[in-house]
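Trainee: The following file, run_30.cif, comprises mmCIF, C-alpha atoms and all ligand atoms:
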```cif
data_target
#
loop_
_atom_site.label_atom_id
_atom_site.label_comp_id
_atom_site.auth_asym_id
_atom_site.auth_seq_id
_atom_site.Cartn_x
_atom_site.Cartn_y
_atom_site.Cartn_z
CA MET A 1 39.29 13.29 -7.07
CA SER A 2 35.50 13.33 -6.90
CA LYS A 3 33.70 15.44 -4.35
CA GLY A 4 30.51 13.45 -4.27
CA LYS A 5 29.52 10.06 -2.95
CA LEU A 6 27.73 7.44 -5.00
CA PHE A 7 24.39 5.95 -3.91
CA VAL A 8 22.93 3.01 -5.79
CA VAL A 9 19.24 2.18 -5.38
CA SER A 10 17.54 -1.01 -6.59
CA GLY A 11 14.05 -2.38 -6.11
CA ALA A 12 11.60 -4.72 -7.77
CA SER A 13 9.26 -3.59 -10.52
CA GLY A 14 6.05 -2.42 -8.80
CA VAL A 15 7.68 -1.56 -5.50
CA GLY A 16 7.14 2.17 -6.06
CA LYS A 17 10.81 3.04 -6.49
CA SER A 18 10.28 5.95 -8.91
CA THR A 19 7.78 7.64 -6.57
CA VAL A 20 10.09 7.18 -3.59
CA LEU A 21 13.12 8.46 -5.52
CA GLY A 22 11.09 11.44 -6.78
CA GLN A 23 10.48 12.41 -3.15
CA VAL A 24 14.11 11.84 -2.18
CA MET A 25 15.27 14.10 -5.04
CA ALA A 26 12.73 16.78 -4.04
CA LYS A 27 13.94 16.70 -0.43
CA MET A 28 17.63 16.79 -1.40
CA PRO A 29 17.95 19.39 -4.17
CA ASP A 30 21.75 19.05 -4.26
CA LEU A 31 21.59 15.33 -5.01
CA LYS A 32 22.06 14.52 -8.70
CA PHE A 33 20.39 11.70 -10.62
CA SER A 34 22.48 9.67 -13.04
CA VAL A 35 20.52 9.39 -16.30
CA SER A 36 20.97 5.94 -17.85
CA ALA A 37 20.90 5.01 -21.51
CA THR A 38 18.34 2.39 -22.55
CA THR A 39 17.03 0.67 -25.65
CA ARG A 40 13.55 0.49 -24.07
CA PRO A 41 10.99 2.77 -25.72
CA PRO A 42 9.90 5.79 -23.65
CA ARG A 43 6.69 5.62 -21.59
CA PRO A 44 4.20 8.47 -22.18
CA THR A 45 5.41 10.62 -19.26
CA GLU A 46 9.13 10.06 -19.81
CA GLN A 47 11.51 12.60 -21.34
CA HIS A 48 14.72 11.99 -23.22
CA GLY A 49 17.67 13.23 -21.17
CA VAL A 50 15.59 13.46 -17.98
CA ASN A 51 14.42 9.91 -17.20
CA TYR A 52 16.69 8.13 -19.68
CA TYR A 53 18.65 8.63 -22.86
CA PHE A 54 16.50 6.58 -25.22
CA VAL A 55 18.81 5.12 -27.86
CA SER A 56 18.68 2.45 -30.56
CA ARG A 57 20.31 -0.94 -30.02
CA ASP A 58 22.98 0.05 -32.60
CA THR A 59 23.82 3.23 -30.70
CA PHE A 60 23.95 1.28 -27.43
CA MET A 61 26.30 -1.31 -29.00
CA ASP A 62 28.54 1.52 -30.28
CA MET A 63 28.66 2.96 -26.77
CA ILE A 64 29.74 -0.44 -25.40
CA GLN A 65 32.45 -0.64 -28.08
CA ARG A 66 33.74 2.79 -27.10
CA ASP A 67 33.80 1.74 -23.42
CA GLU A 68 31.39 4.53 -22.50
CA PHE A 69 29.58 2.66 -19.71
CA VAL A 70 30.46 2.23 -16.04
CA GLU A 71 28.22 -0.85 -16.19
CA TYR A 72 25.42 -2.12 -18.42
CA ASN A 73 23.01 -5.02 -18.35
CA ASP A 74 20.23 -6.74 -20.21
CA HIS A 75 16.93 -6.48 -18.34
CA MET A 76 13.66 -7.95 -19.70
CA ASP A 77 14.96 -7.87 -23.31
CA ASN A 78 16.23 -4.29 -23.17
CA LEU A 79 19.70 -2.91 -22.52
CA TYR A 80 20.37 -0.39 -19.75
CA GLY A 81 23.68 1.30 -18.96
CA THR A 82 25.24 4.01 -16.80
CA PRO A 83 27.19 6.49 -18.98
CA LYS A 84 30.67 6.98 -17.56
CA ALA A 85 31.41 10.61 -18.55
CA GLN A 86 28.12 11.92 -17.22
CA LEU A 87 28.59 10.12 -13.89
CA GLU A 88 32.14 11.44 -13.44
CA GLN A 89 31.01 15.00 -14.21
CA LYS A 90 28.17 14.84 -11.70
CA LEU A 91 30.36 13.25 -9.01
CA GLU A 92 32.85 16.09 -9.31
CA LYS A 93 30.20 18.45 -7.99
CA ALA A 94 27.72 16.48 -5.91
CA ASN A 95 26.42 13.25 -4.46
CA VAL A 96 24.88 11.10 -7.16
CA ILE A 97 22.10 8.52 -7.10
CA LEU A 98 21.85 5.62 -9.54
CA ASP A 99 18.58 3.71 -10.03
CA ILE A 100 19.81 0.38 -11.40
CA GLU A 101 19.00 -3.32 -11.06
CA PRO A 102 21.05 -5.63 -8.77
CA LYS A 103 23.59 -6.97 -11.28
CA GLY A 104 24.49 -3.42 -12.30
CA ALA A 105 24.60 -2.41 -8.64
CA PHE A 106 27.09 -5.19 -7.81
CA ASN A 107 29.25 -4.24 -10.82
CA VAL A 108 29.36 -0.66 -9.57
CA LYS A 109 30.25 -1.85 -6.05
CA GLY A 110 33.05 -3.96 -7.58
CA SER A 111 34.67 -0.95 -9.24
CA ARG A 112 33.75 1.56 -6.50
CA PRO A 113 33.69 -0.19 -3.12
CA ASP A 114 32.75 3.06 -1.36
CA ALA A 115 29.39 3.18 -3.21
CA VAL A 116 26.43 2.84 -0.82
CA LEU A 117 23.91 0.23 -1.99
CA ILE A 118 20.27 0.70 -0.94
CA PHE A 119 17.51 -1.81 -1.69
CA ILE A 120 13.83 -0.82 -1.63
CA ALA A 121 11.78 -3.89 -0.67
CA PRO A 122 8.01 -4.41 -0.73
CA PRO A 123 6.25 -5.12 2.61
CA SER A 124 5.64 -8.67 1.26
CA MET A 125 5.53 -10.58 -2.02
CA GLU A 126 1.71 -10.61 -1.75
CA GLU A 127 1.67 -6.82 -1.55
CA LEU A 128 4.05 -6.55 -4.51
CA GLU A 129 1.73 -8.79 -6.55
CA ARG A 130 -1.26 -6.66 -5.51
CA ARG A 131 0.57 -3.47 -6.61
CA LEU A 132 1.57 -5.01 -9.96
CA ARG A 133 -2.06 -6.04 -10.60
CA SER A 134 -3.49 -2.69 -9.55
CA ARG A 135 -1.65 -0.99 -12.42
CA GLY A 136 -4.17 -2.68 -14.69
CA ASP A 137 -1.92 -2.54 -17.76
CA THR A 138 0.28 -5.59 -17.13
CA SER A 139 -0.46 -9.02 -18.62
CA GLU A 140 -0.54 -12.17 -16.46
CA GLU A 141 2.63 -13.34 -18.22
CA GLN A 142 4.40 -10.06 -17.40
CA ILE A 143 3.21 -10.19 -13.78
CA ALA A 144 4.55 -13.75 -13.42
CA MET A 145 7.91 -12.71 -14.96
CA ARG A 146 8.20 -9.68 -12.68
CA LEU A 147 7.37 -11.71 -9.58
CA ASP A 148 9.98 -14.33 -10.52
CA ARG A 149 12.51 -11.58 -11.01
CA ALA A 150 11.48 -9.97 -7.69
CA ARG A 151 11.99 -13.28 -5.86
CA TRP A 152 15.52 -13.47 -7.27
CA GLU A 153 16.17 -9.82 -6.31
CA MET A 154 14.95 -10.48 -2.74
CA GLU A 155 17.56 -13.25 -2.47
CA GLN A 156 20.27 -10.64 -3.18
CA ILE A 157 19.37 -8.14 -0.48
CA HIS A 158 22.08 -9.28 1.93
CA ARG A 159 24.57 -7.78 -0.56
CA TYR A 160 23.13 -4.29 -0.03
CA ASN A 161 24.33 -1.88 2.66
CA HIS A 162 20.75 -0.87 3.52
CA VAL A 163 17.31 -2.38 2.99
CA VAL A 164 14.34 -0.02 3.24
CA ILE A 165 10.74 -1.27 3.14
CA ASN A 166 8.29 0.75 1.08
CA ASP A 167 5.20 0.45 3.22
CA GLN A 168 4.50 4.20 3.25
CA VAL A 169 6.13 6.29 0.51
CA ASP A 170 6.86 9.29 2.77
CA ALA A 171 8.47 7.18 5.49
CA CYS A 172 10.50 5.20 2.96
CA ALA A 173 11.76 8.40 1.28
CA ASP A 174 12.64 9.90 4.68
CA GLU A 175 14.64 6.81 5.61
CA ILE A 176 16.63 7.02 2.37
CA VAL A 177 17.23 10.75 2.92
CA LYS A 178 18.59 9.91 6.36
CA ILE A 179 20.89 7.18 4.98
CA ILE A 180 22.25 9.55 2.33
CA ALA A 181 22.72 12.44 4.77
CA GLN A 182 24.59 10.23 7.25
CA ALA A 183 26.82 8.54 4.66
CA ALA A 184 27.66 11.83 2.99
CA GLU A 185 28.74 13.56 6.22
P1 LIG B 1 12.45 0.51 -16.22
O1 LIG B 1 12.40 0.00 -17.62
O2 LIG B 1 11.26 0.06 -15.42
O3 LIG B 1 12.67 2.00 -16.17
O4 LIG B 1 13.74 -0.12 -15.51
C1 LIG B 1 13.92 -1.49 -15.48
C2 LIG B 1 15.09 -1.82 -14.58
O5 LIG B 1 16.30 -1.34 -15.16
C3 LIG B 1 14.99 -1.20 -13.19
O6 LIG B 1 15.30 -2.21 -12.24
C4 LIG B 1 16.07 -0.14 -13.21
O7 LIG B 1 16.60 0.08 -11.92
C5 LIG B 1 17.08 -0.77 -14.14
N1 LIG B 1 18.03 0.20 -14.73
C6 LIG B 1 17.79 1.48 -15.11
N2 LIG B 1 18.91 2.04 -15.57
C7 LIG B 1 19.90 1.12 -15.47
C8 LIG B 1 21.30 1.12 -15.77
O8 LIG B 1 21.89 2.09 -16.21
N3 LIG B 1 21.98 -0.03 -15.53
C9 LIG B 1 21.37 -1.14 -15.02
N4 LIG B 1 22.14 -2.21 -14.80
N5 LIG B 1 20.06 -1.18 -14.72
C10 LIG B 1 19.33 -0.06 -14.94
#
```
Output the file's structure in the form of structure tokens.
Ligand code: 5GP

Mentor:
Amino acid sequence: MSKGKLFVVSGASGVGKSTVLGQVMAKMPDLKFSVSATTRPPRPTEQHGVNYYFVSRDTFMDMIQRDEFVEYNDHMDNLYGTPKAQLEQKLEKANVILDIEPKGAFNVKGSRPDAVLIFIAPPSMEELERRLRSRGDTSEEQIAMRLDRARWEMEQIHRYNHVVINDQVDACADEIVKIIAQAAE
């Protein structure tokens, strides 16, 4: 019997989800983050075992074979999955937050109906596009792909328990903290 509750957060690329979640984690020191496995290469600031477990495609396929994932999905040509054992261990002690895309979120909800699904939305598609462009390191093709993907994600938001708009990072993080505190009571 697990002690903790499961919170699943999704949001479009460029919405500022990592910054918001960083603040949520800082404000709720008892909350644990589920570290996913991915075949995507690490970004300069990312650490193995902290942000992700960075694994080869072969290792990821072996993990699928051994049924080691709660859910996994292909996203923009890379594989991402939630390791089962790690999640169970964390849930035994605490509330856990997953940062996963919508298809993974709905798979989790299917196997754990008590999971609370939270979607972080941009103030508008125009603002999302502006944020994606302001990064300065994303090609036009990538921006178009991410916006297409974001439009599809926005069509899914009715399937989430909560939708929070990231207009101001602090306010958005506070709203998520409130949702978690209330649901975990
Ligand atoms: P990024 O490469 O930008 O870190 O993440 C890309 C997308 O993959 C994000 O939408 C993120 O939420 C999602 N993601 C991260 N880990 C997992 C996972 O374990 N499972 C699924 N289904 N999606 C994930």

Trainee: Can you pull out every residue with an atom within 10 Å of ligand LIG 1 (chain B)? Use all atoms listed in the file and format it as a PyMOL selection string.

Mentor: chain A and resi 8-14+17-18+34-43+46+51-53+69-76+78-83+98-108+149-150+153

Trainee: Would you mind exporting the chosen residues as a tab-separated table (two decimals), keeping the file's coordinate frame, restricted to C-alpha atoms?

Mentor:
```tsv
chain	number	residue	atom	x	y	z
A	8	VAL	CA	22.93	3.01	-5.79
A	9	VAL	CA	19.24	2.18	-5.38
A	10	SER	CA	17.54	-1.01	-6.59
A	11	GLY	CA	14.05	-2.38	-6.11
A	12	ALA	CA	11.60	-4.72	-7.77
A	13	SER	CA	9.26	-3.59	-10.52
A	14	GLY	CA	6.05	-2.42	-8.80
A	17	LYS	CA	10.81	3.04	-6.49
A	18	SER	CA	10.28	5.95	-8.91
A	34	SER	CA	22.48	9.67	-13.04
A	35	VAL	CA	20.52	9.39	-16.30
A	36	SER	CA	20.97	5.94	-17.85
A	37	ALA	CA	20.90	5.01	-21.51
A	38	THR	CA	18.34	2.39	-22.55
A	39	THR	CA	17.03	0.67	-25.65
A	40	ARG	CA	13.55	0.49	-24.07
A	41	PRO	CA	10.99	2.77	-25.72
A	42	PRO	CA	9.90	5.79	-23.65
A	43	ARG	CA	6.69	5.62	-21.59
A	46	GLU	CA	9.13	10.06	-19.81
A	51	ASN	CA	14.42	9.91	-17.20
A	52	TYR	CA	16.69	8.13	-19.68
A	53	TYR	CA	18.65	8.63	-22.86
A	69	PHE	CA	29.58	2.66	-19.71
A	70	VAL	CA	30.46	2.23	-16.04
A	71	GLU	CA	28.22	-0.85	-16.19
A	72	TYR	CA	25.42	-2.12	-18.42
A	73	ASN	CA	23.01	-5.02	-18.35
A	74	ASP	CA	20.23	-6.74	-20.21
A	75	HIS	CA	16.93	-6.48	-18.34
A	76	MET	CA	13.66	-7.95	-19.70
A	78	ASN	CA	16.23	-4.29	-23.17
A	79	LEU	CA	19.70	-2.91	-22.52
A	80	TYR	CA	20.37	-0.39	-19.75
A	81	GLY	CA	23.68	1.30	-18.96
A	82	THR	CA	25.24	4.01	-16.80
A	83	PRO	CA	27.19	6.49	-18.98
A	98	LEU	CA	21.85	5.62	-9.54
A	99	ASP	CA	18.58	3.71	-10.03
A	100	ILE	CA	19.81	0.38	-11.40
A	101	GLU	CA	19.00	-3.32	-11.06
A	102	PRO	CA	21.05	-5.63	-8.77
A	103	LYS	CA	23.59	-6.97	-11.28
A	104	GLY	CA	24.49	-3.42	-12.30
A	105	ALA	CA	24.60	-2.41	-8.64
A	106	PHE	CA	27.09	-5.19	-7.81
A	107	ASN	CA	29.25	-4.24	-10.82
A	108	VAL	CA	29.36	-0.66	-9.57
A	149	ARG	CA	12.51	-11.58	-11.01
A	150	ALA	CA	11.48	-9.97	-7.69
A	153	GLU	CA	16.17	-9.82	-6.31
```

Trainee: Fewer than 6 positions away in the same chain doesn't count, so skip those; otherwise give me all residues within 10 Å of Ile176 in chain A, counting only C-alpha atoms, as a compact mmCIF listing (two decimals) with C-alpha atoms, in the coordinates of the input.

Mentor:
```
# COMPACT_ATOMS: atom_id res chain seq x y z
CA VAL A 9 19.24 2.18 -5.38
CA VAL A 20 10.09 7.18 -3.59
CA LEU A 21 13.12 8.46 -5.52
CA GLN A 23 10.48 12.41 -3.15
CA VAL A 24 14.11 11.84 -2.18
CA ILE A 118 20.27 0.70 -0.94
CA PHE A 119 17.51 -1.81 -1.69
CA ILE A 120 13.83 -0.82 -1.63
CA HIS A 162 20.75 -0.87 3.52
CA VAL A 163 17.31 -2.38 2.99
CA VAL A 164 14.34 -0.02 3.24
CA GLN A 182 24.59 10.23 7.25
```

Trainee: Please indicate the distance in Å from CA of Ala26 in chain A to CA of Lys84 in chain A, rounded to one decimal place.

Mentor: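 Calculated distance between CA of Ala26 in chain A and CA of Lys84 in chain A is 24.5 Å.
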
Trainee: Mind giving me the straight-line distance from CA of Met28 in chain A to CA of Glu175 in chain A in Å, one decimal?

Mentor: 12.6 Å

Trainee: Could you state the separation of CA of Ala115 in chain A and CA of Leu6 in chain A in Å, given to one decimal place?

Mentor: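 Computing it gives 4.9 Å between the two atoms.
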
Trainee: Ranking A:Met145, A:Ile97, A:Val177, A:Met63 by minimum distance to Lys27 in chain A and counting only C-alpha atoms, which one comes first?

Mentor: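 Looking at the shortest contact to Lys27 in chain A, the residue is A:Val177.
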
Trainee: Every residue with an atom at most 12 Å from (34.7, 16.6, -7.9) (file coordinates; all atoms listed in the file) is what I'm after, so could you write them as a ChimeraX atom specification?

Mentor: /A:1-6,87-96

Trainee: Pick the closest to Arg135 in chain A from A:Pro123, A:Phe33, A:Glu68, A:Val15: which is it, counting only C-alpha atoms?

Mentor: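 Under the stated criterion, the closest residue is A:Val15.
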
Trainee: So, counting only C-alpha atoms, which residue among A:Ala184, A:Leu117, A:Thr138, A:Met25 is closest to Gln156 in chain A?

Mentor: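 The closest residue to Gln156 in chain A is A:Leu117.
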
Trainee: Under the rule that all atoms listed in the file are counted, which of A:Asp167, A:Asp148, A:Glu155, A:Asp58 is the nearest residue to Ser124 in chain A?

Mentor: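 Between A:Asp167, A:Asp148, A:Glu155, A:Asp58, the residue approaching Ser124 in chain A most closely is A:Asp167.
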
Trainee: Which residue is closest to Asp170 in chain A? Choose from A:Gly22, A:Val50, A:Glu141, A:Leu132 and count only C-alpha atoms.

Mentor: A:Gly22

Trainee: With only C-alpha atoms as the atoms that count, which of A:Met125, A:Ile180, A:His158, A:Lys32 lies nearest to Ile143 in chain A?

Mentor: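 The closest residue to Ile143 in chain A is A:Met125.
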